[in-house]
Each structure stands twice: as structure tokens, then as C-alpha cells.
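Note: the block below is model30.cif and it holds mmCIF, C-alpha atoms and all ligand atoms.
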data_model
loop_
_atom_site.label_atom_id
_atom_site.label_comp_id
_atom_site.auth_asym_id
_atom_site.auth_seq_id
_atom_site.Cartn_x
_atom_site.Cartn_y
_atom_site.Cartn_z
CA MET A 1 -3.92 -18.80 32.07
CA ALA A 2 -0.62 -19.28 30.26
CA THR A 3 -1.98 -22.36 28.52
CA ASP A 4 -5.11 -20.41 27.45
CA GLN A 5 -2.84 -17.80 25.93
CA GLU A 6 -0.86 -20.43 24.07
CA ASN A 7 -4.08 -22.14 23.02
CA ASN A 8 -5.53 -18.89 21.62
CA LYS A 9 -2.35 -18.09 19.75
CA GLN A 10 -2.50 -21.51 18.10
CA ARG A 11 -6.14 -20.90 17.15
CA MET A 12 -5.15 -17.56 15.60
CA ILE A 13 -2.34 -19.23 13.62
CA LYS A 14 -4.88 -21.81 12.40
CA LEU A 15 -7.15 -18.95 11.22
CA LEU A 16 -4.34 -17.69 8.98
CA GLU A 17 -4.68 -20.93 6.99
CA ARG A 18 -8.27 -20.21 6.05
CA PRO A 19 -8.99 -19.10 2.44
CA GLY A 20 -8.30 -15.38 2.03
CA ASN A 21 -6.37 -14.99 5.27
CA GLY A 22 -3.04 -16.04 3.72
CA SER A 23 -2.50 -12.62 2.16
CA CYS A 24 -2.94 -9.07 3.49
CA VAL A 25 -6.57 -7.97 3.03
CA ASP A 26 -5.44 -4.51 1.85
CA CYS A 27 -2.32 -4.96 -0.29
CA GLY A 28 -2.13 -8.69 -0.99
CA ALA A 29 1.30 -9.23 0.63
CA ALA A 30 1.83 -12.86 1.56
CA ASP A 31 1.70 -14.25 5.11
CA PRO A 32 0.22 -11.39 7.15
CA GLU A 33 1.10 -11.54 10.85
CA TRP A 34 -1.07 -8.71 12.12
CA ALA A 35 -4.80 -8.52 12.66
CA SER A 36 -7.40 -5.81 13.21
CA TYR A 37 -9.60 -7.15 16.01
CA THR A 38 -12.28 -4.51 15.40
CA LEU A 39 -12.59 -5.12 11.63
CA GLY A 40 -11.78 -8.85 11.77
CA VAL A 41 -9.08 -8.79 9.08
CA PHE A 42 -5.49 -10.02 8.72
CA VAL A 43 -2.97 -7.48 7.45
CA CYS A 44 0.76 -7.23 6.75
CA GLN A 45 3.03 -5.26 9.05
CA SER A 46 3.18 -2.30 6.67
CA CYS A 47 -0.63 -2.01 6.42
CA SER A 48 -0.99 -2.52 10.18
CA GLY A 49 0.89 0.78 10.55
CA LEU A 50 -1.68 2.48 8.31
CA HIS A 51 -4.55 0.96 10.31
CA ARG A 52 -3.08 2.70 13.36
CA ASN A 53 -3.90 6.01 11.61
CA ILE A 54 -7.61 5.10 11.79
CA SER A 55 -7.50 3.77 15.35
CA GLN A 56 -11.07 4.93 16.00
CA ILE A 57 -12.14 2.22 13.52
CA SER A 58 -9.36 -0.31 13.47
CA LYS A 59 -7.31 -1.69 16.35
CA VAL A 60 -4.40 -3.94 15.44
CA LYS A 61 -2.37 -6.54 17.28
CA SER A 62 0.35 -8.98 16.36
CA VAL A 63 -0.95 -12.51 15.83
CA LEU A 64 2.22 -14.03 17.31
CA LEU A 65 3.42 -11.51 19.89
CA ASP A 66 0.28 -10.07 21.49
CA PRO A 67 -2.16 -11.86 23.85
CA TRP A 68 -5.55 -12.85 22.36
CA SER A 69 -8.71 -13.33 24.44
CA ASP A 70 -11.30 -16.02 23.72
CA ALA A 71 -13.79 -13.36 22.55
CA GLU A 72 -11.28 -11.81 20.16
CA VAL A 73 -10.41 -15.17 18.64
CA GLU A 74 -14.14 -15.97 18.24
CA PHE A 75 -14.65 -12.60 16.53
CA MET A 76 -11.69 -13.15 14.13
CA ALA A 77 -13.04 -16.64 13.35
CA SER A 78 -16.48 -15.20 12.54
CA ARG A 79 -15.01 -12.61 10.12
CA GLY A 80 -11.80 -12.94 8.09
CA ASN A 81 -10.43 -11.38 4.90
CA ASN A 82 -12.91 -12.80 2.39
CA ALA A 83 -15.92 -11.69 4.42
CA ALA A 84 -14.42 -8.22 4.87
CA LYS A 85 -13.74 -7.88 1.15
CA ALA A 86 -17.32 -8.88 0.38
CA LYS A 87 -18.47 -6.09 2.66
CA TYR A 88 -15.98 -3.22 2.24
CA GLU A 89 -15.06 -3.77 -1.44
CA GLN A 90 -18.50 -4.64 -2.81
CA LYS A 91 -18.74 -1.51 -5.00
CA VAL A 92 -15.16 -0.74 -5.99
CA PRO A 93 -15.42 0.89 -9.44
CA VAL A 94 -13.68 -1.15 -12.11
CA PHE A 95 -11.31 1.76 -12.92
CA TYR A 96 -10.38 2.39 -9.25
CA TYR A 97 -6.73 1.66 -8.49
CA ARG A 98 -6.24 -1.18 -6.00
CA PRO A 99 -2.73 -0.81 -4.58
CA THR A 100 -0.34 -3.68 -3.96
CA HIS A 101 2.45 -3.97 -1.39
CA THR A 102 4.92 -2.38 -3.84
CA ASP A 103 2.90 0.84 -4.19
CA CYS A 104 3.69 4.08 -2.39
CA GLN A 105 2.32 4.71 1.10
CA LEU A 106 -0.13 7.37 -0.12
CA LEU A 107 -1.99 4.92 -2.39
CA ARG A 108 -2.14 2.23 0.30
CA GLU A 109 -3.19 4.61 3.07
CA GLN A 110 -5.96 6.21 1.00
CA TRP A 111 -7.20 2.77 -0.10
CA ILE A 112 -7.48 1.75 3.57
CA ARG A 113 -9.18 5.02 4.52
CA ALA A 114 -11.55 4.80 1.52
CA LYS A 115 -12.54 1.25 2.49
CA TYR A 116 -13.01 1.44 6.25
CA GLU A 117 -13.12 5.11 7.23
CA ARG A 118 -15.11 6.68 4.36
CA LYS A 119 -16.80 3.41 3.32
CA GLU A 120 -16.66 4.56 -0.31
CA PHE A 121 -17.19 1.07 -1.67
CA VAL A 122 -20.29 0.37 0.38
CA CYS A 123 -22.03 3.54 -0.73
CA VAL A 124 -21.58 4.75 -4.35
CA GLU A 125 -22.72 8.32 -3.58
CA ARG A 126 -19.31 8.87 -1.98
CA GLN A 127 -17.53 8.11 -5.27
CA GLU A 128 -18.63 11.25 -7.05
CA PRO A 129 -15.27 13.11 -6.68
CA TYR A 130 -13.61 10.70 -9.11
CA SER A 131 -16.40 9.11 -11.12
CA ALA A 132 -18.34 12.16 -12.36
CA GLY A 133 -16.36 12.69 -15.58
CA TYR A 134 -15.50 16.25 -14.57
CA ARG A 135 -13.10 17.50 -11.94
CA GLU A 136 -11.84 20.99 -11.25
CA GLY A 137 -9.44 22.25 -8.61
CA PHE A 138 -6.03 23.63 -7.76
CA LEU A 139 -2.86 21.58 -7.74
CA TRP A 140 0.70 22.58 -6.96
CA LYS A 141 2.63 22.25 -10.20
CA ARG A 142 6.39 22.22 -10.52
CA GLY A 143 7.70 25.08 -12.66
CA ARG A 144 9.66 24.04 -15.72
CA ASP A 145 12.65 26.33 -15.23
CA ASN A 146 13.19 27.07 -11.55
CA GLY A 147 11.58 23.96 -10.09
CA GLN A 148 9.30 25.92 -7.74
CA PHE A 149 5.78 24.64 -7.15
CA LEU A 150 2.99 27.05 -8.09
CA SER A 151 -0.76 26.70 -7.57
CA ARG A 152 -2.48 26.01 -10.88
CA LYS A 153 -6.12 25.55 -11.78
CA CYS A 154 -6.68 22.14 -13.35
CA ILE A 155 -9.75 20.85 -15.17
CA LEU A 156 -10.32 17.25 -16.19
CA SER A 157 -13.23 16.96 -18.58
CA GLU A 158 -14.35 13.78 -20.27
CA ARG A 159 -16.54 15.83 -22.60
CA ASP A 160 -13.50 17.84 -23.77
CA GLY A 161 -11.41 14.67 -23.80
CA ALA A 162 -8.63 16.47 -21.95
CA LEU A 163 -6.90 17.49 -18.74
CA LYS A 164 -6.01 21.18 -18.82
CA TYR A 165 -4.16 23.54 -16.55
CA TYR A 166 -4.18 27.32 -16.48
CA ASN A 167 -1.36 29.66 -15.53
CA LYS A 168 -3.67 32.51 -14.48
CA HIS A 169 -6.92 32.00 -12.63
CA ASP A 170 -8.88 34.05 -15.19
CA ALA A 171 -7.00 32.82 -18.26
CA ARG A 172 -9.21 31.77 -21.16
CA GLU A 173 -6.71 29.53 -22.84
CA PRO A 174 -5.11 26.65 -20.94
CA LYS A 175 -1.33 26.59 -20.64
CA ALA A 176 -1.37 22.92 -21.55
CA LEU A 177 -4.02 20.66 -22.99
CA MET A 178 -3.36 16.99 -22.31
CA LYS A 179 -5.54 14.63 -24.33
CA ILE A 180 -7.07 11.87 -22.23
CA HIS A 181 -6.14 9.22 -24.78
CA THR A 182 -2.41 10.00 -24.37
CA LEU A 183 -2.43 10.55 -20.57
CA ASN A 184 -0.55 8.53 -18.02
CA ALA A 185 -0.22 9.23 -14.31
CA SER A 186 2.17 7.66 -11.84
CA PHE A 187 2.92 8.49 -8.21
CA GLN A 188 6.62 9.37 -7.89
CA PRO A 189 7.02 10.73 -4.35
CA GLY A 190 10.77 10.13 -4.14
CA LYS A 191 11.59 11.64 -7.49
CA ILE A 192 9.35 14.68 -7.05
CA GLY A 193 10.31 15.19 -3.40
CA GLN A 194 6.66 15.39 -2.27
CA PRO A 195 4.88 12.51 -0.50
CA HIS A 196 1.83 13.10 -2.74
CA GLY A 197 3.80 13.82 -5.92
CA LEU A 198 2.19 12.66 -9.17
CA GLN A 199 3.92 12.56 -12.55
CA VAL A 200 1.53 13.15 -15.44
CA THR A 201 2.78 12.21 -18.89
CA TYR A 202 1.14 13.12 -22.19
CA LEU A 203 1.95 13.40 -25.85
CA LYS A 204 2.31 16.72 -27.60
CA ASP A 205 3.30 16.77 -31.27
CA ASN A 206 4.25 13.11 -30.84
CA SER A 207 6.77 13.90 -28.16
CA THR A 208 6.36 12.74 -24.54
CA ARG A 209 5.99 15.54 -21.99
CA ASN A 210 5.70 15.60 -18.21
CA ILE A 211 4.19 17.69 -15.53
CA PHE A 212 4.73 17.14 -11.80
CA VAL A 213 1.91 17.98 -9.41
CA TYR A 214 0.72 17.38 -5.87
CA HIS A 215 -2.04 18.33 -3.46
CA LYS A 216 -1.43 18.67 0.28
CA ASP A 217 -4.49 16.52 1.01
CA GLY A 218 -3.78 12.87 0.22
CA LYS A 219 -7.43 12.07 -0.51
CA GLU A 220 -7.63 14.92 -3.04
CA MET A 221 -4.53 13.67 -4.86
CA VAL A 222 -5.70 10.07 -5.02
CA ASP A 223 -9.14 11.30 -6.17
CA TRP A 224 -7.42 13.15 -9.05
CA PHE A 225 -5.52 9.98 -9.91
CA ASN A 226 -8.70 7.89 -9.96
CA ALA A 227 -10.56 10.60 -11.88
CA ILE A 228 -7.87 10.33 -14.60
CA ARG A 229 -8.30 6.54 -14.56
CA ALA A 230 -12.09 6.89 -14.81
CA ALA A 231 -11.77 9.27 -17.77
CA ARG A 232 -9.37 6.91 -19.53
CA PHE A 233 -11.62 3.95 -18.82
CA HIS A 234 -14.60 5.69 -20.41
CA TYR A 235 -12.48 6.78 -23.37
CA LEU A 236 -11.22 3.20 -23.91
CA GLN A 237 -14.76 1.79 -23.64
CA VAL A 238 -15.75 4.01 -26.56
CA ALA A 239 -12.55 3.32 -28.51
CA PHE A 240 -12.78 -0.46 -28.04
CA PRO A 241 -16.48 -1.29 -27.87
CA GLY A 242 -17.16 -4.73 -26.43
CA ALA A 243 -13.68 -5.09 -24.95
CA HIS A 244 -13.52 -6.92 -21.63
CA HIS A 245 -12.97 -4.75 -18.57
CA ALA A 246 -10.02 -6.95 -17.64
CA ASP A 247 -8.31 -5.96 -20.91
CA LEU A 248 -8.92 -2.23 -20.44
CA VAL A 249 -7.97 -1.85 -16.77
CA PRO A 250 -4.20 -2.45 -17.27
CA LYS A 251 -4.24 0.34 -19.90
CA LEU A 252 -5.61 3.04 -17.57
CA THR A 253 -2.30 4.05 -15.97
CA ARG A 254 1.03 2.30 -15.83
CA ASP A 255 4.16 2.49 -13.76
CA TYR A 256 7.56 2.63 -15.39
CA ILE A 257 9.32 -0.69 -15.76
CA LYS A 258 12.66 0.75 -14.76
CA GLU A 259 14.16 4.18 -14.13
CA GLY A 260 17.60 5.45 -13.22
CA TYR A 261 20.82 7.07 -14.30
CA MET A 262 23.01 5.61 -17.01
CA GLU A 263 25.64 7.19 -19.18
CA LYS A 264 25.28 7.34 -22.91
CA THR A 265 27.32 8.39 -25.88
CA GLY A 266 26.16 9.70 -29.26
CA PRO A 267 25.49 7.68 -32.45
CA LYS A 268 29.13 7.82 -33.57
CA HIS A 269 30.40 6.65 -30.18
CA THR A 270 33.24 9.18 -30.45
CA GLU A 271 31.77 11.79 -28.09
CA GLY A 272 32.26 11.48 -24.36
CA PHE A 273 29.73 9.66 -22.20
CA LYS A 274 27.07 11.85 -20.61
CA LYS A 275 25.03 11.00 -17.53
CA ARG A 276 21.34 10.86 -18.36
CA TRP A 277 18.14 9.83 -16.55
CA PHE A 278 16.55 6.88 -18.34
CA THR A 279 12.95 5.76 -18.08
CA MET A 280 11.68 2.55 -19.59
CA ASP A 281 8.00 3.07 -20.25
CA ASP A 282 6.55 -0.09 -21.73
CA ARG A 283 8.52 -0.58 -24.98
CA ARG A 284 9.98 2.90 -25.06
CA LEU A 285 13.26 3.89 -23.54
CA MET A 286 13.48 7.63 -22.96
CA TYR A 287 16.21 9.77 -21.50
CA PHE A 288 16.59 13.26 -20.17
CA LYS A 289 19.22 15.42 -18.51
CA ASP A 290 17.60 14.95 -15.08
CA PRO A 291 14.68 12.99 -13.53
CA LEU A 292 12.33 16.01 -13.54
CA GLY A 293 12.84 16.99 -17.17
CA TYR A 294 9.88 18.63 -18.88
CA HIS A 295 10.03 16.73 -22.13
CA TRP A 296 12.19 13.85 -23.11
CA GLN A 297 15.05 14.54 -25.46
CA PHE A 298 14.14 11.56 -27.57
CA GLY A 299 11.80 8.62 -27.57
CA ILE A 300 13.49 5.52 -28.90
CA THR A 301 12.45 1.93 -29.30
CA ILE A 302 14.38 -0.77 -27.57
CA VAL A 303 14.39 -3.16 -30.53
CA THR A 304 16.44 -1.31 -33.13
CA PRO A 305 18.28 -3.55 -35.57
CA ASP A 306 19.71 -0.54 -37.44
CA ARG A 307 21.41 1.20 -34.55
CA LYS A 308 23.26 -0.05 -31.52
CA PHE A 309 22.81 2.08 -28.44
CA LEU A 310 25.72 2.08 -26.09
CA PHE A 311 25.04 2.72 -22.41
CA THR A 312 27.03 2.34 -19.27
CA CYS A 313 25.65 1.87 -15.78
CA GLU A 314 27.13 3.00 -12.51
CA THR A 315 27.39 -0.47 -11.00
CA GLU A 316 27.34 -4.02 -12.26
CA GLU A 317 24.15 -4.60 -10.29
CA GLU A 318 22.44 -1.72 -12.12
CA GLN A 319 23.65 -3.17 -15.43
CA GLN A 320 22.13 -6.55 -14.56
CA ASP A 321 18.84 -4.87 -13.58
CA TRP A 322 18.60 -2.98 -16.85
CA MET A 323 19.47 -6.08 -18.88
CA ALA A 324 16.78 -8.05 -17.03
CA ALA A 325 14.25 -5.28 -17.68
CA PHE A 326 15.16 -5.21 -21.39
CA GLN A 327 15.00 -8.98 -21.61
CA SER A 328 11.55 -9.15 -20.04
CA LEU A 329 10.26 -6.87 -22.82
CA VAL A 330 12.15 -8.52 -25.66
CA ASN A 331 10.73 -11.89 -24.60
CA ARG A 332 7.16 -10.61 -24.82
CA PRO A 333 5.52 -10.95 -28.24
CA MET A 334 4.56 -7.64 -29.85
CA LEU A 335 0.97 -6.77 -30.67
CA PRO A 336 0.08 -5.38 -34.13
CA GLN A 337 -0.58 -1.93 -32.59
CA GLU A 338 2.91 -1.93 -31.14
CA TYR A 339 4.48 -2.48 -34.56
CA ALA A 340 2.61 0.59 -35.79
CA VAL A 341 3.98 2.64 -32.91
CA GLU A 342 7.49 1.39 -33.54
CA ALA A 343 7.30 2.33 -37.21
CA HIS A 344 6.25 5.79 -36.16
CA PHE A 345 9.16 6.27 -33.80
CA LYS A 346 11.65 5.02 -36.37
CA HIS A 347 10.67 7.87 -38.67
CA LYS A 348 11.16 10.47 -36.03
CA PRO A 349 14.33 12.49 -36.69
ZN ZN B 1 -0.63 -5.00 3.42
#
So that I can check it, write out the structure of this file as C-alpha cells.
Amino acid sequence: MATDQENNKQRMIKLLERPGNGSCVDCGAADPEWASYTLGVFVCQSCSGLHRNISQISKVKSVLLDPWSDAEVEFMASRGNNAAKAKYEQKVPVFYYRPTHTDCQLLREQWIRAKYERKEFVCVERQEPYSAGYREGFLWKRGRDNGQFLSRKCILSERDGALKYYNKHDAREPKALMKIHTLNASFQPGKIGQPHGLQVTYLKDNSTRNIFVYHKDGKEMVDWFNAIRAARFHYLQVAFPGAHHADLVPKLTRDYIKEGYMEKTGPKHTEGFKKRWFTMDDRRLMYFKDPLGYHWQFGITIVTPDRKFLFTCETEEEQQDWMAAFQSLVNRPMLPQEYAVEAHFKHKP
């Protein structure tokens, strides 16, 4: 018996070497050590915890620590990550966000539920909530002044080219109109203090503004996120006809390269240092009094030969992190469009 156990464990370890099984089927993390013996997939420890939330569909065990029966090993050998992807991911829309191991739990959990529980990527009819080009509903939106969350009607319309929200349910005019071509959305649960918190950024009068929203239902929130991505994808397809999907997908939404507190002084360097929240968004460094500021005080470019910005960080480690983040951008060649954007920001008072 004991030798059978050892034998089966060795067979399971051998299965991990097969193509596709060397990374988590759901988030891509290297060297998964857990397996779902009902779905026949290998997952990382973090995703195994999310599979436990759908235990009616997926049952997980540790490859190394749990006992494996002959039948279970045979089943795992007959399936595997590549076969599961071919089945459960066959109709993932090109705009749909596929989370990685660095993404927040909400995105990873909803990806797993969408794949195995709702089977959204086996059956396209279930994708309507985010692919229809129109979405309407209520989201909790953080108030600008007192920080309280209030229920607000939101409408995303590809035809109008905008995401809008309304302060009163019967209001005719939206409180804010966010053009799809300037939209970005990024899950920021820690910063917003809500596990489903989404930061939506847009341009108004060439200045970057933010709203912070969430929905209590995780599926609803991720559907909003993917609806924004779908709308941006369709906008970009029109704006750049013939462009490859692979070139458009990275432009749908983006996470910030680096965020955190630093202290800064004014242009003359004679004023005292003030603590500010900095966000590096692609080539733009922005700062605000606090992380949940409504609009950034200034947008500035990082490469500025005519002015030296002086910042201080709280720790040497933070300083190294920021320098590395700057360096990674400086090392990347600029595209012609980016020069145009830089010229624009230089002229901003
Ligand atoms: Zn994983």
C-alpha cells in the first residue's frame, strides 16, 4: 500500500513535467503543486484556494502531500492544463482580461468562476453582460469631498462613445461624461478600501481625473471592467483599422507602473518638502495630496531636460524602487505618438 502511494506520487510529479502542466492553468504562476482531480488541472496554491470556493465543481489536493489513487492519477494523465484550456477557454473574447498571479483576488476568482462555474467561454450567449456595447446599472461611487460611497446610475455606451454617471436617478444630464478613448480602469482594492474597488481614470480638459467605484457582487464589477475593455477594443479597432489584436489588447486598460508616497518641493527648491501620493502611469508621473484624490494636481513627463524635479522617498528601498521604475521607462524607446503627448504636456502651465 505504502509503495503504491509513493508510486502514484511519483507518477503525479512526472505529470507536472508534461507541456502546459508546468504553470498554473488559471494564473500562469510557475511550478503548481496543487491539482483539481475533478477538472483534471494543475494549479498554484493561491488558485487552489479559489477552487475551494467552487467545491461543487472542483476538488483540489496537494500533489506532494495528499494521497492519490490509481484512478485519480489515470484521470489527471488523461486531462491536464492544455486540454482544459482548449475546452474551458475556447471562446475567451480577445478583449477579456486574463489575470496573472500578480492580479487582485477578485480578478482571479471571477476568472475561475467564469471558466468552470459559469462556463462563459464555452458558450458565447453568457458573455452578453460585457460584450453588448451597452451596460447600465448602479455602482457605489466614492464622494469627492467626504469620501462616502453613494449609489450612482452608470451607463456605458459604445454608441455615445462614453461612460456616464448620474447624481440623481431622474437626472437628464450626467454628472460626468468620460470619453471611452481616454478611459482607463484598474482594480485598486487596497487603496480604495473595498475588495471590489475599481479606479476609473479619464481626461477632462486635458487633465487626468479619477472616480472610485465598486459593486458588492464581484461578477458585476468584473463584468463592468470587461465591458469597458470591450468598448475600448471596439473604439481602437475603428481608430486603427487593420491593427493586429495583439497590438490593441495591451492598450485596453493598464495598471500603474509604480505608486506610493514621496516628498516633493517646488520648482525653486526653497519651499519645504511636502508629502504627496505619486502615480507613475506609463510615461506620466502624477501626484496628489492623497491616494484618493479626484484630479491630479499636475501631469508631468518624466523626461524633462529643462527642469529637475527633486523628490525624496521614505526609505532607501523605496528610492531604489522608484529609480528602477524610472529607468525601465527611460530605457524604452519612445513612439512618435508619445513625443506628441510630451509636447502637449510641456505646454501645460
Ligand atoms: Zn494560479
Give the residues close to ligand ZN 1 (chain B), within 7 Å, counting all atoms listed in the file; write them as a PDB file with C-alpha atoms, in the frame of the given file.
ATOM      1  CA  CYS A  24      -2.940  -9.070   3.490  1.00  0.00           C
ATOM      2  CA  VAL A  25      -6.570  -7.970   3.030  1.00  0.00           C
ATOM      3  CA  ASP A  26      -5.440  -4.510   1.850  1.00  0.00           C
ATOM      4  CA  CYS A  27      -2.320  -4.960  -0.290  1.00  0.00           C
ATOM      5  CA  GLY A  28      -2.130  -8.690  -0.990  1.00  0.00           C
ATOM      6  CA  ALA A  29       1.300  -9.230   0.630  1.00  0.00           C
ATOM      7  CA  VAL A  43      -2.970  -7.480   7.450  1.00  0.00           C
ATOM      8  CA  CYS A  44       0.760  -7.230   6.750  1.00  0.00           C
ATOM      9  CA  GLN A  45       3.030  -5.260   9.050  1.00  0.00           C
ATOM     10  CA  SER A  46       3.180  -2.300   6.670  1.00  0.00           C
ATOM     11  CA  CYS A  47      -0.630  -2.010   6.420  1.00  0.00           C
ATOM     12  CA  HIS A 101       2.450  -3.970  -1.390  1.00  0.00           C
TER      13      HIS A 101
END
With distances taken over all atoms listed in the file, which of A:Lys85, A:Arg126, A:Lys9, A:His169 is nearest to Glu72 of chain A?
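Distance minimum relative to Glu72 of chain A lands on A:Lys9.
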Measuring between all atoms listed in the file, which one of A:Leu198, A:Leu156, A:Ala83, A:Ile13 shows the shortest distance to Asp255 of chain A?
A:Leu198
Length of the atom CA of Glu271 of chain A to atom CA of Thr208 of chain A vector [Å]
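Those two atoms sit 25.7 Å apart.
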What is the distance, in Å and to one decimal place, between atom CA of Arg18 of chain A and atom CA of Leu39 of chain A?
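Interatomic distance here is 16.7 Å.
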Could you pull out every residue with an atom within 12 Å of (-14.8, -6.1, 15.5), file coordinates, counting all atoms listed in the file, and send them as an MDAnalysis selection string?
chainID A and resid 35:41 56:60 71:80 84
Calculated over only C-alpha atoms, which of the candidates A:Tyr88, A:Phe225, A:Tyr134, A:Tyr287 has the smallest distance to Arg159 of chain A?
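Of A:Tyr88, A:Phe225, A:Tyr134, A:Tyr287, the one nearest Arg159 of chain A is A:Tyr134, counting only C-alpha atoms.
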Can you work out the spacing between atom CA of Glu220 of chain A and atom CA of Arg144 of chain A in Å, to one decimal?
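Separation of atom CA of Glu220 of chain A and atom CA of Arg144 of chain A: 23.3 Å.
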